[in-house]
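The file my_file07.txt contains compact mmCIF, C-alpha atoms:
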```txt
# COMPACT_ATOMS: atom_id res chain seq x y z
CA MET A 211 -3.54 20.87 12.79
CA GLN A 212 -5.44 18.64 10.34
CA GLN A 213 -2.63 16.07 10.35
CA ASN A 214 -2.77 15.89 14.16
CA LYS A 215 -6.49 15.08 14.01
CA ILE A 216 -5.89 12.31 11.50
CA VAL A 217 -3.11 10.80 13.61
CA THR A 218 -5.28 10.98 16.72
CA TRP A 219 -8.16 9.32 14.89
CA LEU A 220 -5.89 6.57 13.54
CA HIS A 221 -4.52 5.83 17.02
CA ARG A 222 -8.06 5.60 18.35
CA VAL A 223 -9.50 3.28 15.67
CA MET A 224 -6.50 1.08 14.87
CA PRO A 225 -6.53 -2.19 16.80
CA LYS A 226 -3.84 -2.58 19.43
CA ARG A 227 -1.40 -5.47 19.30
CA GLU A 228 -2.92 -6.96 22.46
CA GLU A 229 -6.34 -7.03 20.79
CA LEU A 230 -4.90 -8.74 17.73
CA GLU A 231 -3.03 -11.30 19.87
CA ALA A 232 -6.34 -12.19 21.52
CA ASN A 233 -7.93 -13.02 18.13
CA ARG A 234 -7.27 -16.67 17.29
CA PHE A 235 -7.07 -16.03 13.53
CA VAL A 236 -4.63 -13.14 13.70
CA ALA A 237 -2.64 -14.21 16.77
CA PRO A 238 0.16 -16.06 14.91
CA PHE A 239 0.92 -12.90 12.93
CA ALA A 240 0.45 -10.49 15.81
CA ARG A 241 3.06 -12.29 17.89
CA ARG A 242 5.77 -11.73 15.26
CA HIS A 243 7.09 -8.35 16.31
CA GLU A 244 9.18 -7.79 13.17
CA LEU A 245 5.97 -7.51 11.14
CA TRP A 246 4.85 -4.48 13.19
CA ARG A 247 8.12 -2.59 13.66
CA PHE A 248 9.07 0.43 11.58
CA THR A 249 12.59 -0.32 10.39
CA ARG A 250 14.63 0.65 7.34
CA ARG A 251 13.97 -2.73 5.76
CA SER A 252 10.41 -3.50 6.83
CA VAL A 253 8.88 -0.18 5.77
CA PRO A 254 9.98 -0.33 2.09
CA ARG A 255 8.96 -3.99 1.96
CA GLY A 256 5.55 -3.10 3.37
CA VAL A 257 5.15 -0.30 0.82
CA ALA A 258 6.08 -2.61 -2.06
CA VAL A 259 3.78 -5.42 -0.91
CA GLY A 260 0.88 -3.03 -0.28
CA LEU A 261 1.20 -1.43 -3.71
CA LEU A 262 1.60 -4.76 -5.48
CA VAL A 263 -1.45 -6.36 -3.86
CA GLY A 264 -3.50 -3.15 -3.74
CA ILE A 265 -3.21 -2.48 -7.45
CA PHE A 266 -3.31 -6.06 -8.70
CA ALA A 267 -6.20 -7.34 -6.56
CA LEU A 268 -8.56 -4.30 -6.79
CA ILE A 269 -11.07 -6.01 -4.46
CA PRO A 270 -11.39 -3.89 -1.30
CA GLY A 271 -11.59 -6.55 1.45
CA ILE A 272 -9.15 -8.90 -0.21
CA GLN A 273 -6.45 -6.24 -0.60
CA ILE A 274 -5.67 -5.74 3.09
CA ILE A 275 -5.86 -9.45 3.91
CA GLY A 276 -3.68 -10.33 0.91
CA ALA A 277 -1.14 -7.64 1.76
CA ALA A 278 -0.95 -8.79 5.38
CA LEU A 279 -0.47 -12.40 4.34
CA MET A 280 2.20 -11.46 1.80
CA CYS A 281 4.07 -9.46 4.44
CA VAL A 282 4.71 -12.61 6.45
CA PRO A 283 7.20 -14.27 4.06
CA CYS A 284 8.53 -10.90 2.87
CA ARG A 285 8.97 -9.62 6.46
CA GLY A 286 7.27 -6.36 5.53
CA ASN A 287 5.51 -3.94 7.85
CA ILE A 288 1.84 -4.94 8.00
CA PRO A 289 0.35 -1.51 8.95
CA ILE A 290 2.25 0.24 6.14
CA SER A 291 1.26 -2.44 3.66
CA ALA A 292 -2.40 -2.19 4.66
CA ALA A 293 -2.28 1.59 4.31
CA MET A 294 -0.71 1.38 0.84
CA THR A 295 -3.58 -0.75 -0.44
CA PHE A 296 -5.78 2.36 -0.18
CA LEU A 297 -3.98 3.81 -3.23
CA SER A 298 -6.54 1.94 -5.28
CA ASN A 299 -9.82 3.43 -4.16
CA PRO A 300 -13.08 4.15 -5.98
CA ALA A 301 -11.57 7.32 -7.45
CA THR A 302 -8.40 5.69 -8.82
CA THR A 303 -9.72 2.24 -9.78
CA PRO A 304 -11.22 3.31 -13.15
CA LEU A 305 -7.93 4.99 -14.06
CA ILE A 306 -5.92 1.91 -13.06
CA LEU A 307 -8.24 -0.35 -15.05
CA ALA A 308 -8.14 1.89 -18.12
CA ALA A 309 -4.34 2.09 -17.98
CA SER A 310 -4.12 -1.69 -17.57
CA ILE A 311 -6.35 -2.31 -20.56
CA TYR A 312 -4.40 0.21 -22.64
CA LEU A 313 -1.09 -1.39 -21.67
CA GLY A 314 -2.45 -4.88 -22.39
CA ASN A 315 -3.66 -3.70 -25.80
CA GLN A 316 -0.22 -2.25 -26.54
CA LEU A 317 1.30 -5.65 -25.80
CA GLY A 318 -0.82 -7.36 -28.46
CA PHE A 319 -3.93 -8.39 -26.58
CA HIS A 320 -7.33 -7.00 -27.47
CA ALA A 321 -9.79 -5.38 -25.12
CA ASP A 322 -12.37 -2.87 -26.26
CA VAL A 323 -11.92 0.23 -24.08
CA THR A 324 -15.15 1.85 -25.30
CA THR A 325 -17.11 -1.18 -24.07
CA PHE A 326 -15.35 -0.85 -20.71
CA TYR A 327 -16.32 2.83 -20.42
CA GLY A 328 -19.88 2.07 -21.52
CA LEU A 329 -20.26 -0.60 -18.85
CA TYR A 330 -18.80 1.71 -16.22
CA GLU A 331 -20.97 4.71 -17.13
CA HIS A 332 -24.21 2.72 -17.27
CA GLY A 333 -23.58 0.96 -13.96
CA ALA A 334 -23.49 -2.51 -15.47
CA GLY A 335 -24.22 -5.48 -13.28
CA LEU A 336 -21.93 -8.33 -12.41
CA ARG A 337 -23.23 -10.44 -15.27
CA GLN A 338 -22.32 -7.84 -17.93
CA TRP A 339 -18.87 -7.33 -16.40
CA ALA A 340 -18.28 -11.09 -16.32
CA HIS A 341 -19.34 -11.42 -19.96
CA TRP A 342 -16.93 -8.64 -20.94
CA LEU A 343 -14.09 -10.24 -18.96
CA VAL A 344 -14.68 -13.70 -20.42
CA SER A 345 -14.15 -12.21 -23.84
CA ASP A 346 -10.64 -11.42 -24.93
CA ALA A 347 -10.43 -8.52 -22.46
CA ALA A 348 -9.24 -10.62 -19.51
CA PRO A 349 -5.67 -11.29 -20.74
CA ALA A 350 -5.14 -7.61 -21.57
CA LEU A 351 -6.46 -6.54 -18.18
CA VAL A 352 -4.48 -9.11 -16.16
CA ILE A 353 -1.20 -8.50 -17.99
CA GLY A 354 -1.64 -4.75 -17.70
CA LEU A 355 -2.49 -4.96 -13.99
CA PHE A 356 0.53 -7.20 -13.38
CA ILE A 357 2.94 -4.84 -15.11
CA ILE A 358 1.53 -1.69 -13.50
CA SER A 359 1.46 -3.20 -10.01
CA THR A 360 4.99 -4.60 -10.33
CA VAL A 361 6.48 -1.33 -11.58
CA THR A 362 4.58 0.69 -8.97
CA ALA A 363 5.77 -1.65 -6.20
CA ALA A 364 9.39 -1.33 -7.33
CA VAL A 365 9.16 2.47 -7.51
CA GLY A 366 7.40 2.56 -4.13
CA TYR A 367 10.15 0.44 -2.60
CA LEU A 368 12.88 2.74 -3.90
CA VAL A 369 11.09 5.97 -2.97
CA SER A 370 10.21 4.77 0.52
CA SER A 371 13.77 3.62 1.23
CA PHE A 372 15.15 7.00 0.12
CA VAL A 373 12.52 8.85 2.19
CA TRP A 374 13.30 6.62 5.17
CA ARG A 375 17.03 7.39 4.92
CA TRP A 376 16.30 11.12 4.59
CA TRP A 377 13.96 11.05 7.58
CA ILE A 378 16.45 9.21 9.82
CA GLY A 379 19.24 11.56 8.71
CA HIS A 380 17.01 14.55 9.44
CA LYS A 381 16.24 13.22 12.92
CA ARG A 382 19.94 12.61 13.63
CA ARG A 383 20.95 16.09 12.46
CA THR A 384 18.22 17.64 14.59
CA ARG A 385 19.29 15.59 17.60
CA GLN A 386 22.96 16.56 17.10
CA GLU A 387 22.13 20.27 16.76
CA ARG A 388 19.93 20.34 19.84
CA PRO A 389 22.70 19.92 22.50
CA ASN A 390 24.77 22.64 20.79
CA VAL A 391 21.88 25.08 21.04
CA ILE A 392 21.40 24.29 24.73
CA ALA A 393 25.15 24.61 25.43
CA GLU A 394 25.28 27.99 23.63
CA THR A 395 22.33 29.40 25.55
CA ALA A 396 23.87 28.29 28.86
CA GLU A 397 26.99 30.37 28.25
```
Can you present the structure in this file as structure tokens?
Amino acid sequence: MQQNKIVTWLHRVMPKREELEANRFVAPFARRHELWRFTRRSVPRGVAVGLLVGIFALIPGIQIIGAALMCVPCRGNIPISAAMTFLSNPATTPLILAASIYLGNQLGFHADVTTFYGLYEHGAGLRQWAHWLVSDAAPALVIGLFIISTVTAAVGYLVSSFVWRWWIGHKRRTRQERPNVIAETAE
């Protein structure tokens, strides 16, 4: 029941293709139907692009725009890619950043994780964060984010293509079994 409410809400608030085609900035993308279709190739591409941009960018407004723009040359599904950017949200961002810094430190760069946690816990301003990033923390963070987002995108691509194949197979089996059930009940 809860899933039905979410789907109903999404259908109500999501912009329709006609609305997007009327917008002069989005119209060139909205007219390309392959970017909006749910196919066995476009869905995994959309998942991979959304995860890659969503984890690497970590800036809320930029993520969806970047994922949509990256879907154009990759021919990925734009709605799926936009949805996948929500993996990095305020609850998961500190974990992603900490893992990125840890991974960057393991690769030979140096970023002080205790300073990162101190800035986060005390609600540091933009100036303190910028000062910390300008230090030697930036290479560790960027390299770690790149590796984590690339690996996550590859895993997301593989998982979504396997789930897509399972789902289509499940639908076909259900469709094939349905006429047999009707024929048996008619006899």
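The residue that comes closest to A:Thr303, out of A:Thr325, A:Ala277, A:Ile378, A:Ala267 and on the basis of all atoms listed in the file, is A:Ala267.
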Listing only residues of stretch 256-296 of chain A within 6 Å of stretch 349-362 of chain A, what is the closest atom pair and its distance in Å (to one decimal) for each, using all atoms listed in the file, sorted by chain and residue number ascending, as JSON lines?
```
{"residue": "A:Leu262", "atom": "CA", "partner": "A:Ser359", "partner_atom": "CA", "distance": 4.8}
{"residue": "A:Ile265", "atom": "CA", "partner": "A:Ser359", "partner_atom": "CA", "distance": 5.4}
{"residue": "A:Phe266", "atom": "CA", "partner": "A:Leu355", "partner_atom": "CA", "distance": 5.5}
```
Item to check | Pick from A:Ser291, A:Ser310, A:Gln273, A:Asn233, whichever lies nearest to A:Gly256 using all atoms listed in the file | outcome: A:Ser291
Next on the checklist: Could you list, as a list in words, every residue within 9 Å of A:Trp374, counting only C-alpha atoms and ignoring same-chain residues fewer than 5 positions away?
Outcome noted: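 The residues satisfying every condition are Thr249, Arg250, Val253, Pro254, Val369 and Gly379 of chain A.
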Next on the checklist: Set the distance at 9 Å and use only C-alpha atoms: which residues neighbour A:Trp342 once local chain neighbours fewer than 5 positions away are removed? I'd like the list as a ChimeraX atom specification.
Outcome noted: /A:321,325-326,329,337,347-348
Checklist entry - Skipping near chain neighbours, those fewer than 3 positions away, what residues fall within 10 Å of A:Gly260 using all atoms listed in the file, listed as number ranges by chain? => result A: 254-257, 263-266, 273-274, 276-278, 280-281, 286-297, 359, 363, 366
Next on the checklist: Counting all atoms listed in the file, which residue out of A:Lys215, A:Arg251, A:Arg222, A:Arg242 sits closest to A:Leu368?
Outcome noted: A:Arg251
Checklist entry - Any idea what the distance is between atom CA of A:Tyr312 and atom CA of A:Trp339? => result 17.5 Å
Checklist entry - What does the distance from atom CA of A:Trp246 to atom CA of A:Glu228 come to in Å, to one decimal? => result 12.3 Å
Checklist entry - Which is closest to A:Cys284 among A:Asn299, A:Gln316, A:Leu245, A:Gly333, if we use all atoms listed in the file? => result A:Leu245
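The space separating atom CA of A:Thr218 from atom CA of A:Lys381 comes to 22.0 Å.
Shortest separation to A:Ile306 among A:Ala232, A:Leu268, A:Val365, A:Pro238 occurs at residue A:Leu268, atoms counted being all atoms listed in the file.
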Given 5 Å of margin on each side, can you work out the centre and size in Å (one decimal) of an axis-aligned box holding every listed atom of stretch 270-275 of chain A, as lines of an AutoDock Vina configuration file?
```
center_x = -8.6
center_y = -6.7
center_z = 1.3
size_x = 15.9
size_y = 15.6
size_z = 15.2
```
